[in-house]
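Student: Here it is: the structure, laid out below.
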Amino acid sequence: MTKENNLLNEFEAVSSKQWKQQIQFDLKGADYNEKLVWESLEGIKVKPFYHNDEAIPTLSIETKASEFKILQNIFVFDVEKSNSKAIDALNRGAESIRFTIENENISIDNLLKKLPLENVSYYFNLKFLSIDFVTKLLDFASKNKANFIIQLDPIGQLAKDGNWFTNLDQDFNTLNQIASKTTDSFLTIKSGIYQNAGANMIQQLAYTLAHVNEYFNRIENLNQPITIEVAVGTNYFFEIAKLRALRLLFNTLAKEYNHNLECKIIATPTKRNKTIYDYNVNMLRTTTECMSAILGGANEVGNLAYDALYHKDNEFGDRIARNQLLVLKKESYLDKVNNPADGAYYIESLTEQLAEKALTLFKDIEANGGFITQLMEGTIQRKINESAQKEQDLFDSGKEVLLGTNKYPNKNDKMKHDVELYPFVKNNPRKTLITPIIEKRLAEKMEQERLNTEE
């Protein structure tokens, strides 16, 4: 160590001013800001280099990459098959399971038959709101010493579907009753919809924070752990910073309500940049997105199968998705260091800027009635649509590139007879309380045109 220090001392420190002077010289008179500084969709100006003499923030964000878990998503239709799939997934490397359940006519005993209960976390993503079913889950967990995380989100239901489960008062009355029954986690902020619908990162963070704040305000003595689901895009360093900023913002807000438990973050790759043509590229996209999630501090990472857009759930797609995470964890050693992004000046700067801009937008939302009010008025939907359209214009013009789709497409690639699921926005005319937030992929229009012209 002494020799290394002596060696480094032989070199004179180079200041940021000296670096800029050298860059300016190499540019031969060209404008530094115009050539090398670019601005993101969030209005953040990104510099070509960051230096420790430029007031780089030191943020107190505790992340534990060593503890991140590989999450397997299972949609429950047939209980026996779901049970078998869960057993197989755990045997093949999954470390926690999330069951998505659409109705309460499900046997919990049969669903969890022969599954290890004490050392595995089980998430129950419920598409309905039922005290009776939640009580059954709580009783089962208590009896079997199981770790259950129940995922309920009436506000997320309103945003996605356009309607409450029942109505505002009844939904929150039910949540308050559940809160009085347990000290365990039952609340999940399903914020991935904002990213998948085209919101920029500042909007994603601010809307998630405002979403959480509604629960703090409407659930009495909320002191249970809170889970936040996020969708992770392909802007690698920004996404790392986004998750760090989210944890920072949540902790800041929670302290105001004397809530001392850190949020648990579940991350999943976004669908917005995924494609049905040249679909193997989806694996490259999800790999970098999962890396961002891990380095950004996600507690659980559930990968998206490369063929999830157009194929029904299948063993091969699930296995490849799970193996991507296993490679990142077991062969790339991303679980060996906690707080891996600490000290990276670029990421620290991005984290601070995202958090500050998101906090400003959050305060504006609260000053204008809060998140639910702005959903009712359509303000949130309009702002997301505006952001989504900016990104769509960049994609349509070729400035935002999806390889294999709007750049270097394979004209011989045929998909018409391979599509099992409808991969586009579905029109479902019905009466809703508000205009729902619509998730839409960038490539949808281009893909529909290609499908229509296939022989």
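In the structure tokens, each chain is lettered A, B, ... as it comes, each chain's residues begin at 1, and ligands are numbered from 1 in order of appearance.
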Could you pull out the residues in segment 147-176 of chain A that DSSP calls helix (DSSP H, G or I) from the backbone, as a list in words?
Tutor: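 Result set for segment 147-176 of chain A (helix (DSSP H, G or I)): Pro154, Ile155, Gly156, Gln157, Leu158, Ala159, Lys160, Asp161, Leu168, Asp169, Gln170, Asp171, Phe172, Asn173, Thr174, Leu175 and Asn176 of chain A.
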Student: Next, write the just-selected residues to a file, as a tab-separated table (two decimals), in the first residue's frame, keeping N, CA, C and O atoms as the atom set.
Tutor:
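After the write, again.tsv holds the following:
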chain	number	residue	atom	x	y	z
A	154	PRO	N	-54.66	-0.48	-4.89
A	154	PRO	CA	-55.87	0.09	-5.50
A	154	PRO	C	-55.60	1.29	-6.40
A	154	PRO	O	-56.29	1.47	-7.40
A	155	ILE	N	-54.62	2.11	-6.04
A	155	ILE	CA	-54.30	3.27	-6.89
A	155	ILE	C	-53.72	2.79	-8.21
A	155	ILE	O	-54.03	3.33	-9.28
A	156	GLY	N	-52.86	1.78	-8.15
A	156	GLY	CA	-52.33	1.19	-9.37
A	156	GLY	C	-53.44	0.58	-10.22
A	156	GLY	O	-53.41	0.66	-11.46
A	157	GLN	N	-54.45	-0.01	-9.56
A	157	GLN	CA	-55.61	-0.54	-10.26
A	157	GLN	C	-56.36	0.57	-10.99
A	157	GLN	O	-56.73	0.43	-12.15
A	158	LEU	N	-56.54	1.70	-10.31
A	158	LEU	CA	-57.22	2.84	-10.93
A	158	LEU	C	-56.43	3.36	-12.13
A	158	LEU	O	-57.01	3.61	-13.20
A	159	ALA	N	-55.12	3.50	-11.97
A	159	ALA	CA	-54.28	4.03	-13.04
A	159	ALA	C	-54.29	3.13	-14.27
A	159	ALA	O	-54.37	3.60	-15.40
A	160	LYS	N	-54.24	1.82	-14.05
A	160	LYS	CA	-54.13	0.87	-15.16
A	160	LYS	C	-55.47	0.55	-15.79
A	160	LYS	O	-55.60	0.44	-17.01
A	161	ASP	N	-56.48	0.38	-14.95
A	161	ASP	CA	-57.79	-0.08	-15.42
A	161	ASP	C	-58.78	1.07	-15.67
A	161	ASP	O	-59.71	0.92	-16.46
A	168	LEU	N	-63.32	4.52	-4.18
A	168	LEU	CA	-62.22	5.06	-3.37
A	168	LEU	C	-62.41	4.76	-1.90
A	168	LEU	O	-61.51	4.23	-1.23
A	169	ASP	N	-63.57	5.10	-1.36
A	169	ASP	CA	-63.80	4.94	0.08
A	169	ASP	C	-63.75	3.48	0.51
A	169	ASP	O	-63.12	3.14	1.52
A	170	GLN	N	-64.39	2.61	-0.26
A	170	GLN	CA	-64.43	1.20	0.11
A	170	GLN	C	-63.06	0.56	-0.01
A	170	GLN	O	-62.65	-0.24	0.84
A	171	ASP	N	-62.33	0.90	-1.07
A	171	ASP	CA	-61.00	0.33	-1.25
A	171	ASP	C	-60.07	0.70	-0.10
A	171	ASP	O	-59.34	-0.15	0.44
A	172	PHE	N	-60.11	1.97	0.32
A	172	PHE	CA	-59.23	2.37	1.41
A	172	PHE	C	-59.73	1.89	2.76
A	172	PHE	O	-58.94	1.64	3.68
A	173	ASN	N	-61.02	1.73	2.89
A	173	ASN	CA	-61.55	1.12	4.11
A	173	ASN	C	-61.03	-0.31	4.25
A	173	ASN	O	-60.63	-0.75	5.34
A	174	THR	N	-61.02	-1.05	3.14
A	174	THR	CA	-60.50	-2.42	3.14
A	174	THR	C	-59.01	-2.44	3.50
A	174	THR	O	-58.55	-3.27	4.30
A	175	LEU	N	-58.23	-1.52	2.91
A	175	LEU	CA	-56.80	-1.46	3.21
A	175	LEU	C	-56.56	-1.16	4.69
A	175	LEU	O	-55.65	-1.73	5.32
A	176	ASN	N	-57.35	-0.27	5.25
A	176	ASN	CA	-57.19	0.05	6.67
A	176	ASN	C	-57.51	-1.14	7.56
A	176	ASN	O	-56.85	-1.36	8.58
Student: Please run DSSP on the backbone and report, as a PDB file with C-alpha atoms, in the first residue's frame, all residues within segment 134-344 of chain A that come out as strand (DSSP E).
Tutor:
ATOM      1  CA  ASN A 147     -42.457 -15.305   4.439  1.00  0.00           C
ATOM      2  CA  PHE A 148     -45.391 -13.927   2.425  1.00  0.00           C
ATOM      3  CA  ILE A 149     -45.465 -10.498   0.797  1.00  0.00           C
ATOM      4  CA  ILE A 150     -48.997  -9.575  -0.257  1.00  0.00           C
ATOM      5  CA  GLN A 151     -49.192  -7.109  -3.138  1.00  0.00           C
ATOM      6  CA  LEU A 187     -48.847  -2.815   0.027  1.00  0.00           C
ATOM      7  CA  THR A 188     -47.044  -2.600  -3.322  1.00  0.00           C
ATOM      8  CA  ILE A 189     -46.612   0.508  -5.458  1.00  0.00           C
ATOM      9  CA  LYS A 190     -46.881  -0.802  -9.010  1.00  0.00           C
ATOM     10  CA  ILE A 226     -43.716  -1.122   1.513  1.00  0.00           C
ATOM     11  CA  THR A 227     -42.743  -2.716  -1.776  1.00  0.00           C
ATOM     12  CA  ILE A 228     -42.188  -0.729  -4.963  1.00  0.00           C
ATOM     13  CA  GLU A 229     -42.212  -2.350  -8.398  1.00  0.00           C
ATOM     14  CA  VAL A 230     -40.269  -0.569 -11.106  1.00  0.00           C
ATOM     15  CA  ALA A 231     -39.644  -1.132 -14.792  1.00  0.00           C
ATOM     16  CA  VAL A 232     -36.044  -0.661 -15.911  1.00  0.00           C
ATOM     17  CA  LYS A 264     -38.203  -3.150  -0.950  1.00  0.00           C
ATOM     18  CA  ILE A 265     -37.659  -2.659  -4.696  1.00  0.00           C
ATOM     19  CA  ILE A 266     -38.686  -5.248  -7.272  1.00  0.00           C
ATOM     20  CA  ALA A 267     -37.283  -4.533 -10.733  1.00  0.00           C
ATOM     21  CA  THR A 268     -38.348  -5.950 -14.075  1.00  0.00           C
ATOM     22  CA  PRO A 269     -37.125  -4.993 -17.565  1.00  0.00           C
ATOM     23  CA  GLU A 300     -35.545  -8.643  -6.213  1.00  0.00           C
ATOM     24  CA  VAL A 301     -35.044  -8.867  -9.973  1.00  0.00           C
TER      25      VAL A 301
END
Student: Quick one: residues within 12 Å of segment 84-99 of chain A, only C-alpha atoms counted, chain neighbours fewer than 5 positions away excluded, as an mmCIF file with C-alpha atoms, in the first residue's frame?
Tutor:
data_model
loop_
_atom_site.group_PDB
_atom_site.id
_atom_site.type_symbol
_atom_site.label_atom_id
_atom_site.label_comp_id
_atom_site.auth_asym_id
_atom_site.auth_seq_id
_atom_site.Cartn_x
_atom_site.Cartn_y
_atom_site.Cartn_z
ATOM 1 C CA GLU A 67 -28.569 -9.744 -1.105
ATOM 2 C CA PHE A 68 -30.469 -9.382 -4.377
ATOM 3 C CA LYS A 69 -32.755 -12.313 -5.178
ATOM 4 C CA ILE A 70 -33.723 -13.910 -8.479
ATOM 5 C CA LEU A 71 -37.505 -13.666 -8.726
ATOM 6 C CA GLN A 72 -39.634 -16.064 -10.772
ATOM 7 C CA ASN A 73 -43.003 -14.737 -11.936
ATOM 8 C CA ILE A 74 -45.817 -17.287 -12.189
ATOM 9 C CA PHE A 75 -49.318 -16.496 -13.408
ATOM 10 C CA VAL A 76 -51.745 -18.799 -11.598
ATOM 11 C CA PHE A 77 -54.361 -20.324 -13.855
ATOM 12 C CA ASP A 78 -54.016 -24.020 -13.137
ATOM 13 C CA VAL A 79 -52.997 -24.464 -9.476
ATOM 14 C CA ILE A 106 -57.599 -20.617 -5.285
ATOM 15 C CA ILE A 108 -53.461 -21.844 -0.984
ATOM 16 C CA ASN A 110 -52.531 -26.808 -3.114
ATOM 17 C CA LEU A 111 -50.637 -23.869 -4.589
ATOM 18 C CA LEU A 112 -47.856 -24.198 -1.997
ATOM 19 C CA LYS A 113 -47.851 -27.988 -1.719
ATOM 20 C CA LYS A 114 -44.318 -29.372 -1.163
ATOM 21 C CA LEU A 115 -42.758 -25.929 -1.598
ATOM 22 C CA PRO A 116 -40.040 -24.889 0.903
ATOM 23 C CA LEU A 117 -41.578 -22.227 3.124
ATOM 24 C CA GLU A 118 -39.059 -21.060 5.698
ATOM 25 C CA ASN A 119 -36.210 -19.750 3.530
ATOM 26 C CA VAL A 120 -38.048 -18.559 0.414
ATOM 27 C CA SER A 121 -40.073 -15.379 -0.042
ATOM 28 C CA TYR A 122 -43.436 -15.736 -1.780
ATOM 29 C CA TYR A 123 -45.128 -12.721 -3.328
ATOM 30 C CA PHE A 124 -48.860 -12.743 -3.967
ATOM 31 C CA ASN A 125 -49.775 -10.225 -6.648
ATOM 32 C CA LEU A 126 -53.554 -10.009 -6.209
ATOM 33 C CA LYS A 127 -55.753 -8.660 -9.004
ATOM 34 C CA ASN A 147 -42.457 -15.305 4.439
ATOM 35 C CA PHE A 148 -45.391 -13.927 2.425
ATOM 36 C CA ILE A 149 -45.465 -10.498 0.797
ATOM 37 C CA ILE A 150 -48.997 -9.575 -0.257
ATOM 38 C CA GLN A 151 -49.192 -7.109 -3.138
ATOM 39 C CA ILE A 266 -38.686 -5.248 -7.272
ATOM 40 C CA ASN A 299 -33.879 -6.282 -3.759
ATOM 41 C CA GLU A 300 -35.545 -8.643 -6.213
ATOM 42 C CA VAL A 301 -35.044 -8.867 -9.973
ATOM 43 C CA GLY A 302 -37.578 -10.705 -12.119
ATOM 44 C CA ASN A 303 -36.428 -10.967 -15.716
ATOM 45 C CA ASP A 313 -45.558 -18.706 -20.930
ATOM 46 C CA ASN A 314 -43.176 -21.485 -21.829
ATOM 47 C CA GLU A 315 -40.416 -23.391 -20.083
ATOM 48 C CA PHE A 316 -37.681 -22.414 -22.542
ATOM 49 C CA ASP A 318 -38.514 -18.755 -18.576
ATOM 50 C CA ARG A 319 -35.329 -20.808 -18.308
ATOM 51 C CA ILE A 320 -33.333 -18.450 -20.533
ATOM 52 C CA ALA A 321 -34.591 -15.417 -18.561
ATOM 53 C CA ARG A 322 -33.685 -17.046 -15.261
ATOM 54 C CA ASN A 323 -30.282 -18.146 -16.560
ATOM 55 C CA GLN A 324 -29.446 -14.577 -17.556
ATOM 56 C CA LEU A 325 -29.782 -13.616 -13.906
ATOM 57 C CA LEU A 326 -27.857 -16.663 -12.768
ATOM 58 C CA VAL A 327 -24.958 -15.694 -15.049
ATOM 59 C CA LYS A 329 -25.019 -13.452 -10.103
ATOM 60 C CA LYS A 330 -22.884 -16.585 -10.200
#
Student: One decimal, Å: what's the distance from atom CA of Gln22 of chain A over to atom CA of Val46 of chain A, could you say?
Tutor: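 Atom-to-atom, atom CA of Gln22 of chain A to atom CA of Val46 of chain A, that is 18.7 Å.
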Student: Taking only C-alpha atoms into account, which of A:Thr286, A:Asn280, A:Gln195, A:Thr182 comes nearest Leu304 of chain A?
Tutor: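 Distance minimum relative to Leu304 of chain A lands on A:Thr286.
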Student: Within 9 Å of segment 236-251 of chain A, counting only C-alpha atoms, which residues qualify if same-chain residues fewer than 4 places away don't, as an MDAnalysis selection string?
Tutor: chainID A and resid 59:63 201:202 204:206 208:209 212 230 232 255:256 259:265 288:289 291:298 341 346:356 358:359
Student: Generate the output file for the selected residues, C-alpha atoms, as a PDB file, in the first residue's frame.
Tutor:
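Output contents, as saved in again-v7.pdb:
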ATOM      1  CA  LEU A  59     -25.279  10.660  -1.018  1.00  0.00           C
ATOM      2  CA  SER A  60     -26.275   8.411   1.840  1.00  0.00           C
ATOM      3  CA  ILE A  61     -27.881   5.507  -0.009  1.00  0.00           C
ATOM      4  CA  GLU A  62     -27.506   1.997   1.352  1.00  0.00           C
ATOM      5  CA  THR A  63     -27.814  -0.718  -1.302  1.00  0.00           C
ATOM      6  CA  MET A 201     -37.460   9.167 -15.385  1.00  0.00           C
ATOM      7  CA  ILE A 202     -38.301  12.297 -13.423  1.00  0.00           C
ATOM      8  CA  GLN A 204     -41.557   8.000 -12.959  1.00  0.00           C
ATOM      9  CA  LEU A 205     -39.894   8.997  -9.697  1.00  0.00           C
ATOM     10  CA  ALA A 206     -42.282  11.842  -8.885  1.00  0.00           C
ATOM     11  CA  THR A 208     -44.152   6.897  -7.652  1.00  0.00           C
ATOM     12  CA  LEU A 209     -43.457   9.188  -4.704  1.00  0.00           C
ATOM     13  CA  VAL A 212     -46.794   6.330  -2.051  1.00  0.00           C
ATOM     14  CA  VAL A 230     -40.269  -0.569 -11.106  1.00  0.00           C
ATOM     15  CA  VAL A 232     -36.044  -0.661 -15.911  1.00  0.00           C
ATOM     16  CA  LYS A 255     -39.328   9.969   7.684  1.00  0.00           C
ATOM     17  CA  GLU A 256     -41.990  12.663   7.506  1.00  0.00           C
ATOM     18  CA  HIS A 259     -42.062   5.309   8.915  1.00  0.00           C
ATOM     19  CA  ASN A 260     -38.625   3.850   9.579  1.00  0.00           C
ATOM     20  CA  LEU A 261     -38.611   0.838   7.261  1.00  0.00           C
ATOM     21  CA  GLU A 262     -36.791   1.025   3.944  1.00  0.00           C
ATOM     22  CA  CYS A 263     -38.773   0.130   0.855  1.00  0.00           C
ATOM     23  CA  LYS A 264     -38.203  -3.150  -0.950  1.00  0.00           C
ATOM     24  CA  ILE A 265     -37.659  -2.659  -4.696  1.00  0.00           C
ATOM     25  CA  THR A 288     -28.227  -4.673 -19.424  1.00  0.00           C
ATOM     26  CA  GLU A 289     -31.514  -3.722 -17.759  1.00  0.00           C
ATOM     27  CA  MET A 291     -27.514  -5.227 -14.566  1.00  0.00           C
ATOM     28  CA  SER A 292     -28.797  -1.690 -13.962  1.00  0.00           C
ATOM     29  CA  ALA A 293     -31.369  -3.051 -11.525  1.00  0.00           C
ATOM     30  CA  ILE A 294     -28.784  -4.994  -9.522  1.00  0.00           C
ATOM     31  CA  LEU A 295     -26.224  -2.180  -9.420  1.00  0.00           C
ATOM     32  CA  GLY A 296     -28.981   0.324  -8.609  1.00  0.00           C
ATOM     33  CA  GLY A 297     -29.956  -1.640  -5.515  1.00  0.00           C
ATOM     34  CA  ALA A 298     -33.048  -3.677  -6.403  1.00  0.00           C
ATOM     35  CA  ALA A 341     -22.243   2.542  -7.463  1.00  0.00           C
ATOM     36  CA  TYR A 346     -21.249  10.345 -12.918  1.00  0.00           C
ATOM     37  CA  ILE A 347     -23.818   8.159 -11.167  1.00  0.00           C
ATOM     38  CA  GLU A 348     -23.756  10.256  -7.991  1.00  0.00           C
ATOM     39  CA  SER A 349     -24.375  13.395 -10.055  1.00  0.00           C
ATOM     40  CA  LEU A 350     -27.209  11.755 -12.010  1.00  0.00           C
ATOM     41  CA  THR A 351     -28.777  10.468  -8.793  1.00  0.00           C
ATOM     42  CA  GLU A 352     -28.774  13.907  -7.223  1.00  0.00           C
ATOM     43  CA  GLN A 353     -30.203  15.625 -10.304  1.00  0.00           C
ATOM     44  CA  LEU A 354     -32.942  13.039 -10.807  1.00  0.00           C
ATOM     45  CA  ALA A 355     -33.903  13.201  -7.131  1.00  0.00           C
ATOM     46  CA  GLU A 356     -33.994  17.007  -7.065  1.00  0.00           C
ATOM     47  CA  ALA A 358     -38.426  14.566  -9.130  1.00  0.00           C
ATOM     48  CA  LEU A 359     -38.889  16.187  -5.730  1.00  0.00           C
TER      49      LEU A 359
END
Student: For Leu403 of chain A, which residue out of A:Ile23, A:Leu328, A:Leu284, A:Leu222 is the nearest one, using only C-alpha atoms?
Tutor: A:Leu284
Student: Extract, using only C-alpha atoms, all DNA, RNA and protein residues at most 12 Å from Glu447 of chain A, discarding same-chain residues fewer than 3 positions from it, and format them as number ranges by chain.
Tutor: A: 274-279, 310, 404-406, 409, 411, 413-416, 419, 422-424, 441-444, 450-454
Student: Could you check how far atom CA of Ser107 of chain A sits from atom CA of Asp307 of chain A, in Å to one decimal?
Tutor: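 About the pair atom CA of Ser107 of chain A and atom CA of Asp307 of chain A: they are 29.9 Å apart.
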Student: List as a list in words the protein and nucleic acid residues near Ser180 of chain A, meaning an atom at most 12 Å away when only C-alpha atoms are counted, but skip any in the same chain fewer than 3 places from it.
Tutor: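 That gives Ile131, Thr135, Asn173, Thr174, Leu175, Asn176, Gln177, Thr183, Asp184, Ser185, Phe186, Ile219, Glu220, Asn221, Leu222, Asn223 and Gln224 of chain A.
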Student: Set the distance at 12 Å and use only C-alpha atoms: which residues neighbour Gly369 of chain A once local chain neighbours fewer than 6 positions away are removed? I'd like the list as a count of residues only.
Tutor: 9
Student: Identify which of the residues A:Ser130, A:Thr360, A:Thr166, A:Asn235 lies closest to Glu102 of chain A, counting only C-alpha atoms when measuring atom-to-atom distances.
Tutor: A:Ser130
